[in-house]
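What follows is the content of start.csv (CSV, C-alpha atoms and all ligand atoms).
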```csv
chain,number,residue,atom,x,y,z
A,281,MET,CA,41.7,12.0,-18.3
A,282,ASP,CA,38.9,14.2,-19.7
A,283,ASP,CA,37.2,16.8,-17.5
A,284,VAL,CA,33.5,16.3,-18.2
A,285,VAL,CA,32.0,13.7,-20.6
A,286,ILE,CA,28.3,13.8,-21.3
A,287,VAL,CA,26.8,10.7,-22.9
A,288,GLY,CA,23.9,11.7,-25.1
A,289,GLY,CA,23.8,14.9,-27.2
A,290,GLY,CA,20.0,15.4,-27.1
A,291,ILE,CA,18.3,18.4,-25.5
A,292,ILE,CA,19.5,17.6,-21.9
A,293,GLY,CA,23.0,16.8,-23.0
A,294,ALA,CA,23.2,20.0,-25.1
A,295,SER,CA,21.8,22.2,-22.3
A,296,THR,CA,24.2,20.7,-19.7
A,297,ALA,CA,27.1,21.1,-22.1
A,298,TYR,CA,26.1,24.8,-22.5
A,299,PHE,CA,25.8,25.6,-18.8
A,300,LEU,CA,29.0,23.7,-17.9
A,301,SER,CA,31.0,25.3,-20.7
A,302,ASN,CA,29.7,28.7,-19.6
A,303,VAL,CA,31.4,28.3,-16.3
A,304,GLY,CA,34.7,27.2,-17.9
A,305,ARG,CA,34.5,23.4,-17.7
A,306,LYS,CA,35.9,21.4,-20.6
A,307,VAL,CA,33.1,19.3,-22.0
A,308,ILE,CA,33.0,16.4,-24.4
A,309,VAL,CA,29.5,15.3,-25.6
A,310,ILE,CA,29.3,11.8,-27.1
A,311,GLU,CA,26.3,11.2,-29.3
A,312,ARG,CA,25.7,8.0,-31.2
A,313,ASP,CA,23.3,9.4,-33.8
A,314,PRO,CA,24.0,13.1,-34.7
A,315,SER,CA,21.0,13.0,-37.1
A,316,TYR,CA,18.8,12.6,-33.9
A,317,LYS,CA,16.4,10.5,-36.0
A,318,LYS,CA,14.9,8.6,-33.0
A,319,ALA,CA,15.9,11.0,-30.2
A,320,SER,CA,12.9,12.3,-28.2
A,321,PHE,CA,13.4,16.1,-28.5
A,322,PRO,CA,12.9,16.6,-32.3
A,323,LEU,CA,9.7,14.5,-32.1
A,324,SER,CA,8.3,16.4,-29.2
A,325,LEU,CA,5.4,19.0,-29.3
A,326,GLY,CA,7.7,21.7,-28.1
A,327,GLY,CA,5.4,22.8,-25.2
A,328,PHE,CA,6.6,24.7,-22.2
A,329,ARG,CA,4.3,25.1,-19.2
A,330,ARG,CA,4.2,25.8,-15.5
A,331,GLN,CA,0.9,24.0,-14.8
A,332,PHE,CA,2.1,21.1,-12.8
A,333,PHE,CA,1.3,19.7,-9.4
A,334,GLN,CA,4.7,19.7,-7.8
A,335,LYS,CA,6.4,22.9,-7.0
A,336,GLU,CA,9.8,21.9,-8.5
A,337,ASN,CA,8.1,21.2,-11.8
A,338,ILE,CA,6.3,24.5,-11.7
A,339,MET,CA,9.6,26.3,-10.9
A,340,LEU,CA,11.4,24.5,-13.8
A,341,GLY,CA,8.6,25.6,-16.1
A,342,LYS,CA,8.9,29.2,-15.0
A,343,PHE,CA,12.7,29.1,-15.6
A,344,ALA,CA,12.1,27.7,-19.1
A,345,ARG,CA,10.2,30.8,-20.1
A,346,GLU,CA,12.7,33.1,-18.5
A,347,PHE,CA,15.6,31.3,-20.3
A,348,LEU,CA,13.7,31.3,-23.7
A,349,LEU,CA,13.1,35.1,-23.4
A,350,LYS,CA,16.8,35.7,-22.9
A,351,LEU,CA,17.9,33.2,-25.5
A,352,PRO,CA,18.5,35.7,-28.3
A,353,GLU,CA,21.1,37.4,-26.1
A,354,THR,CA,22.4,34.4,-24.1
A,355,LEU,CA,22.9,32.0,-26.9
A,356,LYS,CA,24.0,34.2,-29.7
A,357,THR,CA,27.3,33.2,-31.4
A,358,GLU,CA,29.6,34.7,-33.9
A,359,LYS,CA,28.2,32.3,-36.6
A,360,ASN,CA,24.6,32.8,-35.5
A,361,PRO,CA,24.1,36.3,-34.1
A,362,ASN,CA,20.3,36.0,-34.0
A,363,PRO,CA,19.3,32.7,-32.5
A,364,THR,CA,15.6,32.0,-31.9
A,365,ALA,CA,13.5,29.2,-30.6
A,366,SER,CA,10.4,30.5,-32.5
A,367,MET,CA,8.3,30.9,-29.3
A,368,VAL,CA,4.5,30.9,-29.7
A,369,PRO,CA,3.3,32.1,-26.3
A,370,ASN,CA,-0.4,31.1,-26.7
A,371,GLY,CA,-0.6,29.7,-23.2
A,372,TYR,CA,-1.9,26.4,-22.0
A,373,LEU,CA,-5.5,25.4,-21.2
A,374,LEU,CA,-6.0,22.3,-19.0
A,375,LEU,CA,-9.5,20.9,-18.6
A,376,PHE,CA,-10.5,18.7,-15.7
A,377,GLY,CA,-13.6,16.6,-15.1
A,378,PRO,CA,-15.1,15.9,-11.6
A,379,GLU,CA,-12.7,13.0,-11.2
A,380,HIS,CA,-9.6,15.2,-11.3
A,381,ALA,CA,-11.0,18.5,-9.9
A,382,GLU,CA,-10.0,17.9,-6.2
A,383,GLU,CA,-6.4,17.1,-7.2
A,384,GLN,CA,-6.3,20.2,-9.4
A,385,TYR,CA,-7.6,22.4,-6.5
A,386,ARG,CA,-4.7,21.1,-4.5
A,387,ALA,CA,-2.3,21.8,-7.4
A,388,LEU,CA,-3.6,25.4,-7.5
A,389,LYS,CA,-2.3,26.0,-4.0
A,390,ASN,CA,1.2,25.1,-5.3
A,391,HIS,CA,0.7,27.4,-8.3
A,392,GLU,CA,-0.1,30.2,-5.9
A,393,ALA,CA,2.9,29.4,-3.6
A,394,CYS,CA,5.2,29.5,-6.7
A,395,ASP,CA,3.5,32.6,-8.1
A,396,ALA,CA,2.8,30.7,-11.3
A,397,GLY,CA,0.4,33.3,-12.7
A,398,THR,CA,-2.2,30.7,-13.7
A,399,LYS,CA,-5.9,31.4,-13.7
A,400,ASN,CA,-8.7,29.0,-12.7
A,401,ILE,CA,-12.4,29.1,-13.7
A,402,LYS,CA,-15.4,26.8,-13.3
A,403,GLY,CA,-16.3,24.7,-16.3
A,404,SER,CA,-19.5,26.7,-16.7
A,405,GLU,CA,-17.4,29.9,-17.3
A,406,LEU,CA,-15.3,28.3,-20.0
A,407,SER,CA,-17.2,29.6,-23.0
A,408,ASN,CA,-16.9,33.2,-21.8
A,409,ILE,CA,-13.2,33.0,-22.4
A,410,PHE,CA,-12.8,30.2,-24.9
A,411,PRO,CA,-16.0,30.4,-27.0
A,412,TYR,CA,-14.9,27.6,-29.3
A,413,VAL,CA,-14.6,25.0,-26.4
A,414,SER,CA,-17.5,22.9,-25.3
A,415,ASN,CA,-17.7,22.7,-21.5
A,416,GLU,CA,-19.6,19.4,-21.4
A,417,GLY,CA,-18.3,17.3,-18.4
A,418,ILE,CA,-15.7,19.9,-17.4
A,419,GLU,CA,-15.7,20.8,-13.7
A,420,THR,CA,-12.8,23.2,-13.7
A,421,ALA,CA,-10.2,24.7,-16.1
A,422,THR,CA,-6.8,26.3,-15.6
A,423,TYR,CA,-5.1,28.5,-18.2
A,424,THR,CA,-2.7,31.3,-18.8
A,425,ASP,CA,-3.2,34.3,-21.1
A,426,THR,CA,-0.2,36.4,-20.3
A,427,LYS,CA,2.4,34.8,-22.7
A,428,ILE,CA,4.0,32.8,-20.0
A,429,GLU,CA,3.4,29.4,-21.5
A,430,GLY,CA,3.3,28.1,-25.1
A,431,TRP,CA,5.5,26.2,-27.4
A,432,ILE,CA,8.8,26.4,-29.3
A,433,ASP,CA,10.6,24.7,-32.1
A,434,PRO,CA,12.7,22.0,-30.4
A,435,HIS,CA,15.3,21.8,-33.2
A,436,LEU,CA,16.0,25.5,-32.9
A,437,LEU,CA,16.5,25.4,-29.1
A,438,HIS,CA,18.8,22.4,-29.4
A,439,ASN,CA,20.8,24.0,-32.2
A,440,ALA,CA,21.2,27.2,-30.2
A,441,LEU,CA,22.3,25.4,-27.1
A,442,LYS,CA,24.7,23.1,-29.0
A,443,ASN,CA,26.3,26.0,-31.1
A,444,LYS,CA,26.8,28.1,-28.0
A,445,ALA,CA,28.3,25.2,-26.1
A,446,ILE,CA,30.7,24.6,-29.0
A,447,GLU,CA,31.7,28.3,-29.2
A,448,LEU,CA,32.5,28.1,-25.5
A,449,GLY,CA,34.8,25.2,-26.1
A,450,ALA,CA,32.6,22.0,-25.9
A,451,GLU,CA,33.2,19.2,-28.3
A,452,PHE,CA,30.5,17.0,-29.8
A,453,THR,CA,31.7,13.7,-31.0
A,454,LYS,CA,30.0,10.6,-32.6
A,455,ALA,CA,30.2,7.2,-30.8
A,456,ASP,CA,28.0,4.6,-29.2
A,457,VAL,CA,28.9,4.3,-25.6
A,458,LYS,CA,28.5,0.6,-24.5
A,459,SER,CA,29.5,1.1,-20.9
A,460,LEU,CA,30.1,4.0,-18.6
A,461,GLU,CA,33.2,2.1,-17.3
A,462,ASP,CA,34.8,2.7,-20.7
A,463,ILE,CA,34.9,6.5,-20.1
A,464,LYS,CA,37.9,8.1,-18.3
A,465,ALA,CA,36.8,11.5,-17.0
A,466,ASN,CA,36.6,13.4,-13.8
A,467,ILE,CA,32.8,13.7,-14.2
A,468,ILE,CA,30.5,11.6,-16.4
A,469,VAL,CA,26.9,12.8,-17.1
A,470,SER,CA,24.4,10.3,-18.4
A,471,ALA,CA,21.9,12.2,-20.6
A,472,ALA,CA,20.9,9.1,-22.7
A,473,GLY,CA,17.1,9.9,-22.6
A,474,CYS,CA,14.8,6.9,-22.9
A,475,TRP,CA,17.9,4.6,-23.4
A,476,THR,CA,19.3,5.4,-19.9
A,477,ASN,CA,18.6,1.8,-18.7
A,478,GLU,CA,21.0,0.4,-21.2
A,479,LEU,CA,23.8,2.2,-19.4
A,480,LEU,CA,22.5,2.3,-15.8
A,481,HIS,CA,20.5,-0.9,-15.3
A,482,ASP,CA,19.0,0.2,-11.9
A,483,ILE,CA,17.3,3.3,-13.4
A,484,PRO,CA,13.7,2.4,-14.5
A,485,VAL,CA,13.5,4.7,-17.5
A,486,PHE,CA,12.3,3.1,-20.8
A,487,PRO,CA,11.1,4.2,-24.2
A,488,GLN,CA,7.3,4.6,-24.4
A,489,LYS,CA,5.9,5.2,-27.9
A,490,HIS,CA,3.5,8.2,-28.2
A,491,THR,CA,1.8,9.2,-31.5
A,492,VAL,CA,1.0,12.7,-32.7
A,493,PHE,CA,-1.3,13.5,-35.6
A,494,ARG,CA,-1.4,16.5,-37.9
A,495,VAL,CA,-4.8,17.6,-38.9
A,496,LYS,CA,-6.4,20.3,-41.0
A,497,CYS,CA,-9.7,22.0,-40.1
A,498,PRO,CA,-11.6,24.5,-42.3
A,499,LYS,CA,-11.9,26.7,-39.2
A,500,HIS,CA,-8.6,28.0,-38.1
A,501,ILE,CA,-8.3,29.4,-34.5
A,502,PRO,CA,-4.7,30.7,-34.4
A,503,GLU,CA,-5.0,32.0,-30.8
A,504,MET,CA,-5.9,28.6,-29.4
A,505,PRO,CA,-3.7,27.6,-26.5
A,506,LEU,CA,-2.0,24.2,-26.1
A,507,THR,CA,-5.1,22.4,-24.7
A,508,GLY,CA,-5.1,19.2,-22.7
A,509,ASP,CA,-8.4,17.6,-22.0
A,510,LEU,CA,-7.9,15.4,-18.9
A,511,THR,CA,-11.3,13.8,-19.4
A,512,THR,CA,-10.0,12.1,-22.6
A,513,GLY,CA,-6.3,12.5,-22.4
A,514,VAL,CA,-6.2,14.1,-25.8
A,515,TYR,CA,-4.1,17.2,-26.2
A,516,TRP,CA,-3.6,19.6,-29.2
A,517,ARG,CA,-2.3,22.9,-30.4
A,518,PRO,CA,-2.2,24.9,-33.6
A,519,GLU,CA,0.8,24.4,-35.9
A,520,GLY,CA,0.9,27.0,-38.7
A,521,GLN,CA,-2.4,26.6,-40.6
A,522,GLU,CA,-3.0,23.1,-39.1
A,523,TYR,CA,-3.1,21.5,-35.7
A,524,LEU,CA,-1.2,18.8,-33.9
A,525,ALA,CA,-3.0,16.4,-31.6
A,526,GLY,CA,-1.5,13.7,-29.3
A,527,SER,CA,-3.0,10.3,-28.7
A,528,PRO,CA,-4.0,9.6,-25.1
A,529,ILE,CA,-2.5,6.1,-25.2
A,530,SER,CA,1.1,4.9,-25.5
A,531,LYS,CA,2.9,1.7,-26.1
A,532,TRP,CA,5.9,-0.1,-24.5
A,533,ASP,CA,8.4,-2.3,-26.2
A,534,CYS,CA,8.1,-0.8,-29.7
A,535,ASP,CA,11.3,-1.1,-31.8
A,536,ASP,CA,9.6,0.8,-34.6
A,537,LEU,CA,8.3,4.4,-34.6
A,538,GLU,CA,5.4,3.8,-36.9
A,539,PRO,CA,2.5,6.0,-35.7
A,540,GLU,CA,-0.5,4.1,-34.2
A,541,TRP,CA,-2.8,5.3,-37.0
A,542,ASN,CA,-5.9,3.5,-35.5
A,543,ASP,CA,-5.8,5.8,-32.5
A,544,PHE,CA,-6.9,8.6,-34.7
A,545,GLU,CA,-10.4,7.4,-35.6
A,546,GLU,CA,-10.9,5.5,-32.4
A,547,LEU,CA,-9.7,8.1,-29.8
A,548,VAL,CA,-8.2,11.3,-31.0
A,549,TRP,CA,-10.8,12.5,-33.5
A,550,PRO,CA,-13.8,11.7,-31.2
A,551,GLY,CA,-11.9,13.5,-28.3
A,552,LEU,CA,-11.2,16.6,-30.4
A,553,ALA,CA,-14.8,16.8,-31.8
A,554,LYS,CA,-16.3,16.4,-28.4
A,555,ARG,CA,-14.3,19.3,-27.0
A,556,ILE,CA,-14.1,21.7,-30.0
A,557,PRO,CA,-17.2,21.3,-32.2
A,558,ALA,CA,-15.4,22.9,-35.2
A,559,PHE,CA,-13.1,19.8,-35.1
A,560,GLU,CA,-16.0,17.6,-36.4
A,561,GLU,CA,-14.7,18.6,-39.9
A,562,LEU,CA,-11.1,17.4,-39.8
A,563,LYS,CA,-8.8,16.0,-42.3
A,564,LEU,CA,-5.8,13.9,-41.3
A,565,THR,CA,-2.7,15.2,-43.0
A,566,GLY,CA,0.1,13.3,-41.3
A,567,GLY,CA,1.6,12.1,-38.1
A,568,TRP,CA,4.6,10.7,-36.3
A,569,ALA,CA,5.6,8.8,-33.2
A,570,GLY,CA,8.4,9.4,-30.7
A,571,TYR,CA,9.6,7.9,-27.5
A,572,TYR,CA,8.7,9.4,-24.1
A,573,ASP,CA,11.6,9.0,-21.7
A,574,THR,CA,9.3,7.5,-19.1
A,575,ASN,CA,10.2,6.8,-15.5
A,576,LYS,CA,8.2,3.7,-14.7
A,577,LEU,CA,8.3,4.4,-11.0
A,578,ASP,CA,6.5,7.7,-10.8
A,579,ASN,CA,6.6,9.6,-14.1
A,580,ASN,CA,9.0,12.1,-12.6
A,581,ALA,CA,12.5,13.3,-13.4
A,582,ILE,CA,15.6,11.5,-12.0
A,583,VAL,CA,18.4,14.0,-11.6
A,584,GLY,CA,21.6,14.0,-9.6
A,585,LYS,CA,24.7,12.0,-8.6
A,586,HIS,CA,24.4,8.2,-8.8
A,587,PRO,CA,25.4,6.9,-5.3
A,588,ALA,CA,27.0,3.7,-6.6
A,589,TYR,CA,29.6,5.7,-8.6
A,590,LYS,CA,32.3,8.1,-7.6
A,591,ASN,CA,31.8,10.4,-10.6
A,592,VAL,CA,28.5,9.6,-12.4
A,593,TYR,CA,25.6,12.1,-12.6
A,594,LEU,CA,22.4,11.6,-14.6
A,595,ALA,CA,19.3,13.4,-15.8
A,596,THR,CA,16.5,11.4,-17.3
A,597,GLY,CA,12.9,10.2,-16.8
A,598,PHE,CA,11.3,13.5,-17.7
A,599,THR,CA,8.2,11.6,-19.0
A,600,GLY,CA,7.2,14.1,-21.7
A,601,ARG,CA,8.6,17.3,-20.2
A,602,GLY,CA,12.3,17.1,-20.8
A,603,LEU,CA,12.4,19.8,-23.5
A,604,MET,CA,10.9,22.4,-21.2
A,605,GLN,CA,12.9,21.2,-18.2
A,606,SER,CA,16.2,21.2,-20.1
A,607,PRO,CA,17.3,24.8,-19.2
A,608,GLY,CA,16.6,24.3,-15.5
A,609,ILE,CA,18.2,20.8,-15.5
A,610,GLY,CA,21.3,22.0,-17.3
A,611,ARG,CA,21.7,24.8,-14.9
A,612,GLY,CA,21.0,22.6,-11.8
A,613,LEU,CA,23.4,19.9,-12.8
A,614,THR,CA,26.1,22.5,-13.4
A,615,GLU,CA,25.5,23.9,-9.9
A,616,LEU,CA,25.6,20.4,-8.4
A,617,ILE,CA,28.8,19.4,-10.2
A,618,THR,CA,30.7,22.7,-9.6
A,619,THR,CA,29.6,23.6,-6.1
A,620,GLY,CA,28.3,20.3,-4.6
A,621,SER,CA,24.7,21.6,-4.1
A,622,TYR,CA,21.8,23.3,-5.9
A,623,GLN,CA,22.0,27.1,-5.8
A,624,THR,CA,18.8,28.2,-7.6
A,625,ILE,CA,15.9,25.6,-7.8
A,626,ASP,CA,16.4,22.8,-5.2
A,627,LEU,CA,16.2,19.7,-7.3
A,628,ASN,CA,17.0,17.2,-4.5
A,629,CYS,CA,13.5,15.8,-4.7
A,630,PHE,CA,14.4,14.3,-8.0
A,631,GLY,CA,17.5,12.5,-6.5
A,632,VAL,CA,18.6,9.1,-7.7
A,633,GLU,CA,18.2,7.6,-4.1
A,634,ARG,CA,14.4,8.1,-4.3
A,635,VAL,CA,14.3,5.7,-7.3
A,636,LEU,CA,16.7,3.2,-6.0
A,637,ASN,CA,14.6,3.1,-2.8
A,638,LYS,CA,11.4,2.9,-4.8
A,639,LYS,CA,10.0,6.0,-3.1
A,640,GLU,CA,7.4,7.3,-5.5
A,641,ARG,CA,6.8,11.0,-6.0
A,642,VAL,CA,4.2,11.0,-8.6
A,643,GLU,CA,3.6,14.0,-10.9
A,644,PRO,CA,0.0,13.5,-12.0
A,645,TYR,CA,0.0,15.8,-15.1
A,646,VAL,CA,1.4,13.5,-17.9
A,647,LEU,CA,0.2,14.7,-21.3
A,701,LIG,C1,5.5,12.9,-29.0
A,701,LIG,C2,6.3,13.6,-27.9
A,701,LIG,C3,5.8,14.8,-27.5
A,701,LIG,C4,6.6,15.5,-26.5
A,701,LIG,N1,6.2,16.7,-26.1
A,701,LIG,C5,6.9,17.4,-25.2
A,701,LIG,C6,6.5,18.8,-24.9
A,701,LIG,O1,5.6,19.3,-25.4
A,701,LIG,N2,7.3,19.4,-24.0
A,701,LIG,C7,8.4,18.9,-23.4
A,701,LIG,O2,9.1,19.5,-22.6
A,701,LIG,N3,8.8,17.6,-23.7
A,701,LIG,C8,8.1,16.9,-24.6
A,701,LIG,N4,8.4,15.6,-25.0
A,701,LIG,C9,9.5,15.0,-24.2
A,701,LIG,C10,10.9,15.4,-24.6
A,701,LIG,O3,11.0,15.3,-25.9
A,701,LIG,C11,11.9,14.5,-23.8
A,701,LIG,O4,11.6,14.5,-22.4
A,701,LIG,C12,13.3,15.1,-24.0
A,701,LIG,O5,13.6,15.1,-25.3
A,701,LIG,C13,14.3,14.2,-23.2
A,701,LIG,O6,15.6,14.8,-23.6
A,701,LIG,P1,16.9,13.9,-23.5
A,701,LIG,O7,18.0,14.8,-24.0
A,701,LIG,O8,17.0,13.3,-22.2
A,701,LIG,O9,16.6,12.7,-24.6
A,701,LIG,P2,16.8,12.7,-26.2
A,701,LIG,O10,16.2,14.0,-26.7
A,701,LIG,O11,16.2,11.4,-26.6
A,701,LIG,O12,18.3,12.6,-26.3
A,701,LIG,C14,19.1,11.5,-25.9
A,701,LIG,C15,20.2,11.3,-26.8
A,701,LIG,O13,21.1,10.3,-26.2
A,701,LIG,C16,21.7,9.6,-27.3
A,701,LIG,N5,22.2,8.3,-26.7
A,701,LIG,C17,21.4,7.4,-26.0
A,701,LIG,N6,22.2,6.4,-25.6
A,701,LIG,C18,23.5,6.7,-26.0
A,701,LIG,C19,24.7,5.9,-25.9
A,701,LIG,N7,24.8,4.8,-25.3
A,701,LIG,N8,25.8,6.5,-26.5
A,701,LIG,C20,25.7,7.7,-27.2
A,701,LIG,N9,24.5,8.4,-27.3
A,701,LIG,C21,23.5,7.9,-26.7
A,701,LIG,C22,20.5,9.4,-28.2
A,701,LIG,O14,20.9,9.0,-29.5
A,701,LIG,C23,19.8,10.7,-28.1
A,701,LIG,O15,20.2,11.6,-29.2
A,701,LIG,C24,7.7,14.9,-25.9
A,701,LIG,C25,8.2,13.7,-26.4
A,701,LIG,C26,7.5,13.0,-27.4
A,701,LIG,C27,8.0,11.7,-28.0
```

Write-out of the structure in structure tokens:
Amino acid sequence: MDDVVIVGGGIIGASTAYFLSNVGRKVIVIERDPSYKKASFPLSLGGFRRQFFQKENIMLGKFAREFLLKLPETLKTEKNPNPTASMVPNGYLLLFGPEHAEEQYRALKNHEACDAGTKNIKGSELSNIFPYVSNEGIETATYTDTKIEGWIDPHLLHNALKNKAIELGAEFTKADVKSLEDIKANIIVSAAGCWTNELLHDIPVFPQKHTVFRVKCPKHIPEMPLTGDLTTGVYWRPEGQEYLAGSPISKWDCDDLEPEWNDFEELVWPGLAKRIPAFEELKLTGGWAGYYDTNKLDNNAIVGKHPAYKNVYLATGFTGRGLMQSPGIGRGLTELITTGSYQTIDLNCFGVERVLNKKERVEPYVL
């Protein structure tokens, strides 16, 4: 009988393996594709933010930054004494039209209650702070400029978590788990990302294809934050000398990860040029697509013990925020497994029962 078996060695599996190993548990991580070709985390944009509606998501975003700042010390190993996640703390800027403003004003009360450190301005004030952004149709905008949000390199975070977990005694092994019943362990953690429903048929998490484009623009604005325009759904950020920009639409039931190239001309470029006039002059240089681990019920995480099993825990359904939530989820699951309850951030609102009883708890900020 093994102690803890984690199914899925992606970012949630690696983080959970690290936190559990760090308190002395013997962990085996089973991953079917150690190249992680189709896994969500390497295909993500790497963003971490605390600008959410729900307090728990805000708190998880705050912990991500705290964890990333301490990463060089916490995750150093004998083989890699200087780990980094290549943090770019340019902040986030979220832009809301009149149709989303009221909801955002309510979200700001939660930001304040959680001491999120966000700033809010009227659309008319936007150009004083972000002179390269057009405020046409923008009612209100929220941003951070104190290095508390930004993006990282997802591979580097994964590597650092995995290597540290291994140094602490975790084992990563290659296999395709067909059924959780085949695993003999005291504790099983399902961290199978967008494929969770293959193992747990009552969990409504499915792969949803999202496309990201890489573009070059003669005008480079390196200080630009990760910007989400809620009036079009287009989001973007600098990437070296170029920019990455996400399509506002997504697709279900796609076996292939071919980018939806038509989205660029039809939606993404017009959305970019409308908001950043310098983006009129763009050149498409590449792109990719990846699967969001989408919770079809309410776009929110599902975390905790599965009530139908004696020993099965799961963490999934992050719907585009699993990378930034991975430190908080790994820590939270470890608390739950080792003490029976959450000790730091109370994650009970993400419990499995909510989903089985179809009680929606919608997080409106999906980018
Ligand atoms: C285009 C895009 C942009 C994104 N941007 C962001 C962002 O800016 N910030 C953010 O926080 N998040 C972002 N995300 C979301 C983020 O990538 C995911 O939420 C996160 O990776 C989920 O982590 P995971 O470990 O659950 O899943 P994954 O990273 O997909 O890992 C799951 C692993 O489980 C393995 N597995 C599955 N089933 C089995 C099985 N039966 N047996 C063995 N192994 C199995 C898979 O092979 C996979 O390696 C983005 C995603 C995409 C696609």

Legend entry - At most 7 Å from ligand LIG 701 (chain A) (all atoms listed in the file): residue list as a ChimeraX atom specification: /A:287-293,310-314,316,318-328,455-458,471-476,479,489-492,569-573,595-596,598-605

Residues just named, written with C-alpha atoms as a PDB file, in the coordinates of the input:
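As a result, out.pdb now contains:
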```
ATOM      1  CA  VAL A 287      26.800  10.700 -22.900  1.00  0.00           C
ATOM      2  CA  GLY A 288      23.900  11.700 -25.100  1.00  0.00           C
ATOM      3  CA  GLY A 289      23.800  14.900 -27.200  1.00  0.00           C
ATOM      4  CA  GLY A 290      20.000  15.400 -27.100  1.00  0.00           C
ATOM      5  CA  ILE A 291      18.300  18.400 -25.500  1.00  0.00           C
ATOM      6  CA  ILE A 292      19.500  17.600 -21.900  1.00  0.00           C
ATOM      7  CA  GLY A 293      23.000  16.800 -23.000  1.00  0.00           C
ATOM      8  CA  ILE A 310      29.300  11.800 -27.100  1.00  0.00           C
ATOM      9  CA  GLU A 311      26.300  11.200 -29.300  1.00  0.00           C
ATOM     10  CA  ARG A 312      25.700   8.000 -31.200  1.00  0.00           C
ATOM     11  CA  ASP A 313      23.300   9.400 -33.800  1.00  0.00           C
ATOM     12  CA  PRO A 314      24.000  13.100 -34.700  1.00  0.00           C
ATOM     13  CA  TYR A 316      18.800  12.600 -33.900  1.00  0.00           C
ATOM     14  CA  LYS A 318      14.900   8.600 -33.000  1.00  0.00           C
ATOM     15  CA  ALA A 319      15.900  11.000 -30.200  1.00  0.00           C
ATOM     16  CA  SER A 320      12.900  12.300 -28.200  1.00  0.00           C
ATOM     17  CA  PHE A 321      13.400  16.100 -28.500  1.00  0.00           C
ATOM     18  CA  PRO A 322      12.900  16.600 -32.300  1.00  0.00           C
ATOM     19  CA  LEU A 323       9.700  14.500 -32.100  1.00  0.00           C
ATOM     20  CA  SER A 324       8.300  16.400 -29.200  1.00  0.00           C
ATOM     21  CA  LEU A 325       5.400  19.000 -29.300  1.00  0.00           C
ATOM     22  CA  GLY A 326       7.700  21.700 -28.100  1.00  0.00           C
ATOM     23  CA  GLY A 327       5.400  22.800 -25.200  1.00  0.00           C
ATOM     24  CA  PHE A 328       6.600  24.700 -22.200  1.00  0.00           C
ATOM     25  CA  ALA A 455      30.200   7.200 -30.800  1.00  0.00           C
ATOM     26  CA  ASP A 456      28.000   4.600 -29.200  1.00  0.00           C
ATOM     27  CA  VAL A 457      28.900   4.300 -25.600  1.00  0.00           C
ATOM     28  CA  LYS A 458      28.500   0.600 -24.500  1.00  0.00           C
ATOM     29  CA  ALA A 471      21.900  12.200 -20.600  1.00  0.00           C
ATOM     30  CA  ALA A 472      20.900   9.100 -22.700  1.00  0.00           C
ATOM     31  CA  GLY A 473      17.100   9.900 -22.600  1.00  0.00           C
ATOM     32  CA  CYS A 474      14.800   6.900 -22.900  1.00  0.00           C
ATOM     33  CA  TRP A 475      17.900   4.600 -23.400  1.00  0.00           C
ATOM     34  CA  THR A 476      19.300   5.400 -19.900  1.00  0.00           C
ATOM     35  CA  LEU A 479      23.800   2.200 -19.400  1.00  0.00           C
ATOM     36  CA  LYS A 489       5.900   5.200 -27.900  1.00  0.00           C
ATOM     37  CA  HIS A 490       3.500   8.200 -28.200  1.00  0.00           C
ATOM     38  CA  THR A 491       1.800   9.200 -31.500  1.00  0.00           C
ATOM     39  CA  VAL A 492       1.000  12.700 -32.700  1.00  0.00           C
ATOM     40  CA  ALA A 569       5.600   8.800 -33.200  1.00  0.00           C
ATOM     41  CA  GLY A 570       8.400   9.400 -30.700  1.00  0.00           C
ATOM     42  CA  TYR A 571       9.600   7.900 -27.500  1.00  0.00           C
ATOM     43  CA  TYR A 572       8.700   9.400 -24.100  1.00  0.00           C
ATOM     44  CA  ASP A 573      11.600   9.000 -21.700  1.00  0.00           C
ATOM     45  CA  ALA A 595      19.300  13.400 -15.800  1.00  0.00           C
ATOM     46  CA  THR A 596      16.500  11.400 -17.300  1.00  0.00           C
ATOM     47  CA  PHE A 598      11.300  13.500 -17.700  1.00  0.00           C
ATOM     48  CA  THR A 599       8.200  11.600 -19.000  1.00  0.00           C
ATOM     49  CA  GLY A 600       7.200  14.100 -21.700  1.00  0.00           C
ATOM     50  CA  ARG A 601       8.600  17.300 -20.200  1.00  0.00           C
ATOM     51  CA  GLY A 602      12.300  17.100 -20.800  1.00  0.00           C
ATOM     52  CA  LEU A 603      12.400  19.800 -23.500  1.00  0.00           C
ATOM     53  CA  MET A 604      10.900  22.400 -21.200  1.00  0.00           C
ATOM     54  CA  GLN A 605      12.900  21.200 -18.200  1.00  0.00           C
TER      55      GLN A 605
END
```

Inset, instruction - Pick out the residues sitting within 12 Å of Thr422 of chain A, and hand them over as a PyMOL selection string; count all atoms listed in the file, and ignore anything fewer than 6 positions along from it in its own chain. - result: chain A and resi 329-332+371-377+381+384-385+387-388+391+396-403+405-406+409-410+505-510

Inset, instruction - Choose the residue, out of A:Thr420, A:Val592, A:Arg611, A:Gly526, that has the smallest atom-to-atom separation from Glu461 of chain A; count only C-alpha atoms. - result: A:Val592

Inset, instruction - Would you mind listing what lies within 8 Å of His586 of chain A as a PyMOL selection string, with only C-alpha atoms counted and same-chain residues fewer than 6 positions away left out? - result: chain A and resi 592-594+632-633

Written file, previous selection with C-alpha atoms, as a CSV table (one decimal), in the frame of the given file:
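Wrote result-v7.csv, looks like this:
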```csv
chain,number,residue,atom,x,y,z
A,592,VAL,CA,28.5,9.6,-12.4
A,593,TYR,CA,25.6,12.1,-12.6
A,594,LEU,CA,22.4,11.6,-14.6
A,632,VAL,CA,18.6,9.1,-7.7
A,633,GLU,CA,18.2,7.6,-4.1
```
